[in-house]
Amino acid sequence: MPAPTPGCAVPRFSVIVPAYKVQAYLQEGLESVLSQSYPDLELIAVDDASPDACGSIIDEYAARDPRVTAVHLAHNLGLGPARNAGLARATGDYVLFLDGDDTLAPGALQAITDRLKATGSPDVLVYDYARVFWTGEVVRNRLSGRLSEEGPASFRLADRPALLGMLMVVWNKAYRREYVEREQLTFPPGLYEDTPWTYPALLAAESVAVLDRVCVHYRQRRTGSILTTTSRRHLDVFDQYERVFAQLAARPELERWRPAVHRRMAEHFCAVYADPRRLPRAARAEFFARASALLRRHRVPGRAGSPPLSLTRTDRLRHTLMRLGLRRAYRLGSAVRAAALAAGRAGSTLGRGLRESALRLHYRVQRLLPLRPELAVFSAYWHGGYACNPAAIEAKLRELAPRMRTAWICDPRHNATLPPGTTALRPGSAAYWSALARAGYLTSNVSFDRALVKRRGQVLLQTQHGTPLKRVGLDLQDRPAATPTADFANLLRGADQWDYLLSSNRHSTLVWERAVPASYTTLEYGYPRNDAFHRATQADVLALRERLGVPPGTTAVLYAPTHRDYRRSRPDHLDFERVLRDLGPRFTLLVRTHLTYADSPGTWEPHPRLLDVSGHPSVEELCLASDALVTDYSSLMFDYAALDRPIVIHADDWEAYEAARGTYFDLRSCPPGAIARTEDELVDIFATGHWQGSRSAQLRAAFRSRFCSYDDGHAAERVVRRVFLGQSAPVPAVIPLEERRPAPAASAPDLTPLTAGLWP
C-alpha cells in the first residue's frame with residue numbers, strides 16, 4: 001500500500017467499492033458514502049472492466065468530488081482482485097469495503113469512528129447490517145444479538161467466539177490499515193473470496209470490537225446475484241478453504257481454531273449443496289465428493305480445547321454424512337428432514353384447525369348464555385395497547401360508572417399499557433370469545449373480529465380514529481391503488497352491527513354516512529382522546545417535555561407525516577440534519593413515523609435535537625409536549641388544531657397523494673396554517689417566524705371553527721352518559737369555541753389553574 005503523500009492529511013477511512021454490472025445501483029452506493037455526515041474519507045471506486053456504464057459513473061463522481069479515486073482494470077478479474085486494486089491505493093487509518101450494489105446507512109461512518117475511539121482503535125471492528133429486499137422490505141441481521149456492546153470494549157476472538165458464527169463477509173467490518181499491512185491480507189481470485197480474508201483477519205487480531213448498529217444495507221436483488229447464479233464457479237469454495245487451512249498451518253498459535261473453522265466449513269458446504277440455484281446438476285456429485293475429501297483431510301479428531309460453536313443434532317449428522325461421502329444417505333436424510341418439517345407443518349395446521357373448531361364451538365355456546373350488561377369490552381388499533389378514543393372512554397366509564405367492569409383486547413406485548421382497573425384479553429383466546437359473546441358493550445376505533453355475531457341487546461360503539469381528509473369506505477371503490485385488498489361487502493357487514501358512530505365534526509359526519517352507509521346513530525360529541533388537551537396544565541406540559549428529553553428552552557416541533565398508499569417503503573421527506581442545522585439550536589424535532597412503518601428502521605442520522613418518538617404510546621402527550629406540528633396529510637392536524645397551537649403543512653407530493661388516495665377537499669386552499677411545498681420553504685417558514693405569525697393564526701382560527709366544533713374537553717363524558725348510562729341529551733353542553741382554554745405551550749403564559757394532573 002502506498003505511504004501518504006508528505007503534507008497531505010491521512011483520511012480516517014478508505015472505502016473501497018468494486019463495481020461490475022451494477023450500473024442500476026452504483027450511484028446510490030457511491031452517494032451513500034459521499035453523503036455521510038462524517039466526511040473524512042477517501043472513496044476508491046474500482047471498475048472491474050464492467051461492460052455497462054459503471055466506469056463512466058465512477059469517472060463522473062471522481063470529476064465532481066476530490067475524495068473519489070477512479071480505478072479502471074483492463075480486464076475483468078473478479079471481486080477479490082478488484083478489491084486488491086483498491087486496497088493498493090488506500091491511505092486511510094481504517095479500510096472499509098462496500099459492494100457496488102449495497103449502501104452505507106446514514107450516519108454509519110460517524111457511528112463507526114465514535115466506536116473506534118471508545119474501544120481504543122482495535123484491529124477489527126464488526127458492525128451490523130440489514131438485508132434490503134427488492135420488494136422494499138428491510139430485515140436486520142437475525143444474529144445481531146451477538147454484537148452486544150456490553151463487556152470489555154475490545155477483546156480477542158477467543159473471548160467472544162460466537163462472532164465466528166456470523167456471516168463471514170468482508171463488508172461488515174472496519175480494518176485498521178496497519179494491521180492489514182502487517183498481516184499481508186489480500187483477496188484471492190474466484191468466488192467466496194471473502195473466506196480466506198475474514199477468517200485470518202478475525203483469528204489473528206490482537207483486538208476486536210463490535211458496534212451494535214446497522215451500518216450497511218445489503219441489497220437482495222431479485223436477479224443477477226452471483227451467489228444465486230447456477231455455475232461451476234461455486235466449486236471455488238474448496239480452494240478458498242484450502243487457503244484458510246494453509247494460513248492456520250503457517251501460524252501455530254492459530255491451530256486451536258482448526259476444529260471451529262472445520263465446523264464452519266462443513267456448514268458452508270452443506271449450505272451451498274442445499275441451494276438448488278447454485279450448482280449445475282452435472283456438478284453436484286463432484287461437489288459432494290470434493291467436500292467429503294476436504295472435510296476428511298482437515299478433520300481434527302476430538303474437540304478438546306476448541307472454542308464452542310453451537311450445532312444441532314441434525315447439523316452434526318449432515319456434517320458427518322458429507323465427511324464420510326455418503327451422498328445417498330445424505331440425500332435420504334435431507335428428504336426425511338423435509339418430510340418431517342412438512343409433517344410438522346401439517347400437524348401444526350391440523351392442531352390449529354382443531355383448536356379453532358373448539359373455539360368456534362365455545363363461542364356458539366357462550367352466545368346462548370345471558371349477556372353481562374355490566375361488562376364493557378374495548379379495543380384500539382387492531383389489538384394494540386391502551387390508546388385513542390376507546391382509552392379515554394374506558395377511563396371516563398370507570399370514573400362515572402364504577403359498577404361497570406371493563407376489559408381490553410390487546411396483544412400480550414401491550415399489556416403493560418393497560419391501567420390496573422381493566423382486564424387484558426388475548427386475541428383468539430377462550431376468554432376473548434367469551435367476552436365478545438357476553439359483553440353488554442363493545443367499543444373500538446377499528447373493526448372487530450370478522451367472526452363477531454352481534455347479539456340482541458349488545459351495544460357496539462365505533463369511535464373511528466381521525467377526521468377523514470383522504471377518502472374512506474365506499475369512496476375508495478374506484479381507487480384500487482389505495483385499497484388493493486378492500487372487502488367492501490365485509491366493511492358494510494361490520495357497519496351494520498354499529499349502534500353508534502362517534503364524529504368529531506360535521507364534515508366527518510357527512511363523510512362517514514355517505515362512505516359507510518348503515519343504520520347507526522351518529523354522535524357529534526367530539527373526540528374523547530382530545531379531552532386531555534383541555535385538562536393538562538403547563539406543569540404537565542413541562543413534565544412531559546422533560547420525560548421525552550426535549551432540551552429546555554428549545555421550540556419542540558412534532559413532525560408526524562402519514563403513510564403513502566402509492567409506496568411500499570417508508571418515504572423520508574425531510575433531511576433532518578439539514579433542517580436542524582439551518583434552524584439552529586433553538587429548535588428540537590420530535591419525529592413520529594406512521595404505524596404502517598413500525599417495523600421499518602429509520603434512516604436518519606443521530607442528532608442531539610432529533611428525538612424519535614415513534615414508539616411513544618400516546619400521541620396526545622406528544623402533541624402537548626410540542627410547540628408546533630409539521631405534517632403532510634395526517635388526520636392529526638384536526639386534533640392538534642384543538643390545542644390552538646401553530647400547524648405547518650409540508651405538501652411536497654400533493655398531486656401524487658391525491659391521485660393515489662383521493663381527498664375530500666384541497667388542503668392547500670384551506671390549510672390550518674402556513675403551507676410549504678419544498679424543504680426550503682419549510683425551513684424559511686420557521687426561520688422567518690411565519691409559522692406563528694398573524695396569517696398562520698387566522699388560518700388556524702378558520703380551520704378550528706370548521707373542524708373543532710365539539711372538542712372542548714368533555715367528549716368522553718358525553719359519550720359515557722349517552723351510550724353507557726342511557727342519558728338522551730348530550731351532557732355536558734358543548735363549550736363555545738371562544739371560551740375554551742386548551743393547555744398552554746411550554747413557552748406560553750399559563751392561564752389555566754394548577755389543578756389535577758394530566759390523566760384522571
# chains A, B, ... in the order shown; residues from 1 in each chain; ligands from 1
call {"tool": "residues_around", "arguments": {"residues": "Pro81 in chain A", "least_positions_apart": "3", "cutoff": "8 Å", "atoms": "only C-alpha atoms", "output": "number ranges by chain"}}
result
A: 77-78, 84-85, 187-189
call {"tool": "residues_around", "arguments": {"residues": "Arg281 in chain A", "least_positions_apart": "4", "cutoff": "10 Å", "atoms": "only C-alpha atoms", "output": "list of chain:residue names"}}
result
A:Thr230, A:Ser231, A:Arg232, A:Pro276, A:Arg277, A:Ala285, A:Glu286
call {"tool": "write_last_selection", "arguments": {"atoms": "N, CA and C atoms", "output": "short mmCIF file (atom, residue, chain, number, x, y, z; two decimals), in the first residue's frame"}}
result
data_model
loop_
_atom_site.label_atom_id
_atom_site.label_comp_id
_atom_site.auth_asym_id
_atom_site.auth_seq_id
_atom_site.Cartn_x
_atom_site.Cartn_y
_atom_site.Cartn_z
N THR A 230 -26.51 -20.22 -11.19
CA THR A 230 -26.04 -21.59 -11.39
C THR A 230 -24.75 -21.59 -12.20
N SER A 231 -23.69 -22.16 -11.59
CA SER A 231 -22.38 -22.13 -12.25
C SER A 231 -21.43 -23.10 -11.56
N ARG A 232 -20.47 -23.63 -12.33
CA ARG A 232 -19.42 -24.46 -11.74
C ARG A 232 -18.47 -23.63 -10.88
N PRO A 276 -30.57 -25.09 -4.56
CA PRO A 276 -30.74 -25.60 -5.92
C PRO A 276 -30.35 -24.59 -7.00
N ARG A 277 -30.14 -23.32 -6.63
CA ARG A 277 -29.82 -22.30 -7.62
C ARG A 277 -28.34 -22.25 -7.95
N ALA A 285 -22.51 -34.21 -7.92
CA ALA A 285 -21.76 -35.35 -7.41
C ALA A 285 -20.29 -34.98 -7.18
N GLU A 286 -19.72 -34.22 -8.10
CA GLU A 286 -18.34 -33.78 -7.93
C GLU A 286 -18.19 -32.89 -6.70
#
call {"tool": "residues_around", "arguments": {"residues": "range 462-468 of chain A", "least_positions_apart": "2", "cutoff": "7 Å", "atoms": "only C-alpha atoms", "output": "PyMOL selection string"}}
result
chain A and resi 388-389+443-446+460+470-471+498+500-502+508+635+638
call {"tool": "closest_residue", "arguments": {"among": "A:Arg645, A:His616, A:Arg661, A:Arg455", "to": "Leu469 in chain A", "atoms": "only C-alpha atoms"}}
result
A:Arg661
call {"tool": "closest_residue", "arguments": {"among": "A:Ala260, A:Ala424, A:Ala205, A:Ala437", "to": "His362 in chain A", "atoms": "only C-alpha atoms"}}
result
A:Ala437
call {"tool": "residues_around", "arguments": {"residues": "Gln240 in chain A", "least_positions_apart": "2", "cutoff": "8 Å", "atoms": "only C-alpha atoms", "output": "JSON, numbers by chain"}}
result
{"A": [188, 192, 193, 195, 196, 236, 237, 238, 242, 243, 244]}
call {"tool": "write_last_selection", "arguments": {"atoms": "C-alpha atoms", "output": "compact mmCIF listing (two decimals), in the first residue's frame"}}
result
# COMPACT_ATOMS: atom_id res chain seq x y z
CA PRO A 188 -7.64 -14.46 -3.86
CA TYR A 192 -16.17 -16.92 -1.98
CA GLU A 193 -13.12 -14.67 -1.87
CA THR A 195 -13.46 -16.60 3.18
CA PRO A 196 -9.62 -16.52 3.18
CA ASP A 236 -14.18 -22.33 -5.97
CA VAL A 237 -15.24 -22.63 -2.34
CA PHE A 238 -12.85 -25.60 -1.91
CA GLU A 242 -7.65 -24.77 1.41
CA ARG A 243 -6.14 -21.29 1.68
CA VAL A 244 -7.66 -20.80 5.14
call {"tool": "residues_around", "arguments": {"residues": "Glu577 in chain A", "least_positions_apart": "3", "cutoff": "10 Å", "atoms": "only C-alpha atoms", "output": "PyMOL selection string"}}
result
chain A and resi 37+574+580-582+604-607+609-610
call {"tool": "residues_around", "arguments": {"residues": "Leu295 in chain A", "least_positions_apart": "3", "cutoff": "7 Å", "atoms": "only C-alpha atoms", "output": "list in words"}}
result
Ala266, Ala291, Ser292, His298, Arg299 and Arg323 of chain A
call {"tool": "decode", "arguments": {"residues": "range 522-572 of chain A", "atoms": "N, CA and C atoms", "output": "JSON list (two decimals), in the first residue's frame"}}
result
[["chain", "number", "residue", "atom", "x", "y", "z"],
["A", 522, "THR", "N", -75.29, 8.58, 14.63],
["A", 522, "THR", "CA", -74.06, 9.36, 14.71],
["A", 522, "THR", "C", -74.11, 10.27, 15.94],
["A", 523, "LEU", "N", -73.03, 10.23, 16.71],
["A", 523, "LEU", "CA", -72.91, 11.09, 17.89],
["A", 523, "LEU", "C", -71.87, 12.17, 17.61],
["A", 524, "GLU", "N", -72.32, 13.39, 17.39],
["A", 524, "GLU", "CA", -71.40, 14.51, 17.16],
["A", 524, "GLU", "C", -70.99, 15.09, 18.51],
["A", 525, "TYR", "N", -70.05, 14.38, 19.16],
["A", 525, "TYR", "CA", -69.67, 14.73, 20.53],
["A", 525, "TYR", "C", -68.22, 15.20, 20.63],
["A", 526, "GLY", "N", -67.45, 15.14, 19.53],
["A", 526, "GLY", "CA", -66.02, 15.42, 19.62],
["A", 526, "GLY", "C", -65.25, 14.14, 19.90],
["A", 527, "TYR", "N", -63.92, 14.24, 19.89],
["A", 527, "TYR", "CA", -63.08, 13.06, 20.12],
["A", 527, "TYR", "C", -62.61, 13.01, 21.57],
["A", 528, "PRO", "N", -62.96, 11.95, 22.30],
["A", 528, "PRO", "CA", -62.54, 11.84, 23.70],
["A", 528, "PRO", "C", -61.03, 11.89, 23.90],
["A", 529, "ARG", "N", -60.27, 11.39, 22.93],
["A", 529, "ARG", "CA", -58.81, 11.39, 23.10],
["A", 529, "ARG", "C", -58.27, 12.81, 23.22],
["A", 530, "ASN", "N", -59.00, 13.80, 22.69],
["A", 530, "ASN", "CA", -58.54, 15.18, 22.75],
["A", 530, "ASN", "C", -58.95, 15.89, 24.04],
["A", 531, "ASP", "N", -59.69, 15.21, 24.91],
["A", 531, "ASP", "CA", -60.05, 15.83, 26.19],
["A", 531, "ASP", "C", -58.81, 16.21, 26.98],
["A", 532, "ALA", "N", -57.74, 15.42, 26.83],
["A", 532, "ALA", "CA", -56.51, 15.69, 27.57],
["A", 532, "ALA", "C", -55.95, 17.07, 27.26],
["A", 533, "PHE", "N", -56.23, 17.58, 26.07],
["A", 533, "PHE", "CA", -55.71, 18.90, 25.70],
["A", 533, "PHE", "C", -56.30, 20.00, 26.58],
["A", 534, "HIS", "N", -57.46, 19.76, 27.14],
["A", 534, "HIS", "CA", -58.13, 20.77, 27.96],
["A", 534, "HIS", "C", -57.97, 20.50, 29.45],
["A", 535, "ARG", "N", -57.46, 19.34, 29.82],
["A", 535, "ARG", "CA", -57.25, 19.05, 31.24],
["A", 535, "ARG", "C", -55.83, 19.37, 31.68],
["A", 536, "ALA", "N", -54.89, 19.31, 30.74],
["A", 536, "ALA", "CA", -53.48, 19.47, 31.10],
["A", 536, "ALA", "C", -53.16, 20.91, 31.48],
["A", 537, "THR", "N", -52.22, 21.05, 32.37],
["A", 537, "THR", "CA", -51.70, 22.36, 32.77],
["A", 537, "THR", "C", -50.31, 22.55, 32.17],
["A", 538, "GLN", "N", -49.79, 23.75, 32.34],
["A", 538, "GLN", "CA", -48.44, 23.99, 31.84],
["A", 538, "GLN", "C", -47.42, 23.14, 32.60],
["A", 539, "ALA", "N", -47.70, 22.87, 33.87],
["A", 539, "ALA", "CA", -46.80, 21.99, 34.63],
["A", 539, "ALA", "C", -46.78, 20.59, 34.03],
["A", 540, "ASP", "N", -47.94, 20.12, 33.59],
["A", 540, "ASP", "CA", -47.99, 18.81, 32.93],
["A", 540, "ASP", "C", -47.16, 18.83, 31.64],
["A", 541, "VAL", "N", -47.29, 19.91, 30.88],
["A", 541, "VAL", "CA", -46.56, 20.04, 29.62],
["A", 541, "VAL", "C", -45.06, 20.01, 29.87],
["A", 542, "LEU", "N", -44.60, 20.75, 30.85],
["A", 542, "LEU", "CA", -43.17, 20.78, 31.16],
["A", 542, "LEU", "C", -42.68, 19.41, 31.62],
["A", 543, "ALA", "N", -43.50, 18.71, 32.39],
["A", 543, "ALA", "CA", -43.12, 17.37, 32.85],
["A", 543, "ALA", "C", -43.01, 16.40, 31.68],
["A", 544, "LEU", "N", -43.92, 16.51, 30.73],
["A", 544, "LEU", "CA", -43.87, 15.66, 29.55],
["A", 544, "LEU", "C", -42.60, 15.92, 28.74],
["A", 545, "ARG", "N", -42.26, 17.18, 28.56],
["A", 545, "ARG", "CA", -41.07, 17.53, 27.79],
["A", 545, "ARG", "C", -39.81, 16.98, 28.47],
["A", 546, "GLU", "N", -39.77, 17.04, 29.78],
["A", 546, "GLU", "CA", -38.60, 16.52, 30.49],
["A", 546, "GLU", "C", -38.50, 15.00, 30.31],
["A", 547, "ARG", "N", -39.63, 14.31, 30.37],
["A", 547, "ARG", "CA", -39.63, 12.85, 30.18],
["A", 547, "ARG", "C", -39.17, 12.47, 28.78],
["A", 548, "LEU", "N", -39.55, 13.26, 27.79],
["A", 548, "LEU", "CA", -39.18, 12.96, 26.41],
["A", 548, "LEU", "C", -37.75, 13.35, 26.09],
["A", 549, "GLY", "N", -37.14, 14.19, 26.92],
["A", 549, "GLY", "CA", -35.77, 14.62, 26.67],
["A", 549, "GLY", "C", -35.66, 15.86, 25.81],
["A", 550, "VAL", "N", -36.72, 16.69, 25.77],
["A", 550, "VAL", "CA", -36.66, 17.93, 25.00],
["A", 550, "VAL", "C", -35.75, 18.92, 25.72],
["A", 551, "PRO", "N", -34.70, 19.40, 25.07],
["A", 551, "PRO", "CA", -33.81, 20.35, 25.74],
["A", 551, "PRO", "C", -34.56, 21.59, 26.21],
["A", 552, "PRO", "N", -34.35, 22.01, 27.44],
["A", 552, "PRO", "CA", -35.05, 23.20, 27.95],
["A", 552, "PRO", "C", -34.79, 24.43, 27.09],
["A", 553, "GLY", "N", -35.81, 25.23, 26.92],
["A", 553, "GLY", "CA", -35.67, 26.48, 26.19],
["A", 553, "GLY", "C", -35.75, 26.36, 24.69],
["A", 554, "THR", "N", -35.89, 25.15, 24.17],
["A", 554, "THR", "CA", -35.98, 24.99, 22.72],
["A", 554, "THR", "C", -37.44, 24.90, 22.28],
["A", 555, "THR", "N", -37.68, 25.21, 21.02],
["A", 555, "THR", "CA", -39.00, 25.07, 20.43],
["A", 555, "THR", "C", -39.13, 23.66, 19.88],
["A", 556, "ALA", "N", -40.06, 22.89, 20.43],
["A", 556, "ALA", "CA", -40.24, 21.49, 20.04],
["A", 556, "ALA", "C", -41.26, 21.40, 18.90],
["A", 557, "VAL", "N", -40.82, 20.89, 17.76],
["A", 557, "VAL", "CA", -41.67, 20.74, 16.59],
["A", 557, "VAL", "C", -41.96, 19.26, 16.39],
["A", 558, "LEU", "N", -43.22, 18.88, 16.46],
["A", 558, "LEU", "CA", -43.63, 17.50, 16.23],
["A", 558, "LEU", "C", -43.80, 17.27, 14.73],
["A", 559, "TYR", "N", -43.00, 16.36, 14.17],
["A", 559, "TYR", "CA", -43.10, 16.04, 12.75],
["A", 559, "TYR", "C", -43.78, 14.68, 12.63],
["A", 560, "ALA", "N", -44.99, 14.65, 12.06],
["A", 560, "ALA", "CA", -45.80, 13.43, 12.02],
["A", 560, "ALA", "C", -46.45, 13.27, 10.65],
["A", 561, "PRO", "N", -45.72, 12.73, 9.68],
["A", 561, "PRO", "CA", -46.31, 12.50, 8.35],
["A", 561, "PRO", "C", -47.18, 11.25, 8.35],
["A", 562, "THR", "N", -48.05, 11.16, 7.37],
["A", 562, "THR", "CA", -48.88, 9.96, 7.22],
["A", 562, "THR", "C", -48.23, 9.01, 6.23],
["A", 563, "HIS", "N", -48.84, 7.86, 6.01],
["A", 563, "HIS", "CA", -48.27, 6.89, 5.08],
["A", 563, "HIS", "C", -48.69, 7.22, 3.65],
["A", 564, "ARG", "N", -48.05, 6.55, 2.72],
["A", 564, "ARG", "CA", -48.33, 6.76, 1.29],
["A", 564, "ARG", "C", -48.86, 5.46, 0.69],
["A", 565, "ASP", "N", -50.07, 5.52, 0.13],
["A", 565, "ASP", "CA", -50.63, 4.33, -0.49],
["A", 565, "ASP", "C", -49.89, 3.94, -1.75],
["A", 566, "TYR", "N", -49.20, 4.90, -2.36],
["A", 566, "TYR", "CA", -48.52, 4.60, -3.61],
["A", 566, "TYR", "C", -47.07, 4.16, -3.39],
["A", 567, "ARG", "N", -46.68, 3.95, -2.13],
["A", 567, "ARG", "CA", -45.33, 3.48, -1.82],
["A", 567, "ARG", "C", -45.40, 2.34, -0.84],
["A", 568, "ARG", "N", -44.51, 1.34, -1.02],
["A", 568, "ARG", "CA", -44.43, 0.23, -0.07],
["A", 568, "ARG", "C", -43.46, 0.56, 1.05],
["A", 569, "SER", "N", -42.36, 1.25, 0.74],
["A", 569, "SER", "CA", -41.38, 1.59, 1.75],
["A", 569, "SER", "C", -41.68, 2.97, 2.32],
["A", 570, "ARG", "N", -41.12, 3.22, 3.49],
["A", 570, "ARG", "CA", -41.37, 4.50, 4.15],
["A", 570, "ARG", "C", -40.64, 5.63, 3.45],
["A", 571, "PRO", "N", -41.35, 6.68, 3.09],
["A", 571, "PRO", "CA", -40.68, 7.83, 2.48],
["A", 571, "PRO", "C", -40.03, 8.71, 3.54],
["A", 572, "ASP", "N", -38.85, 9.21, 3.28],
["A", 572, "ASP", "CA", -38.20, 10.18, 4.16],
["A", 572, "ASP", "C", -38.27, 11.53, 3.46]]
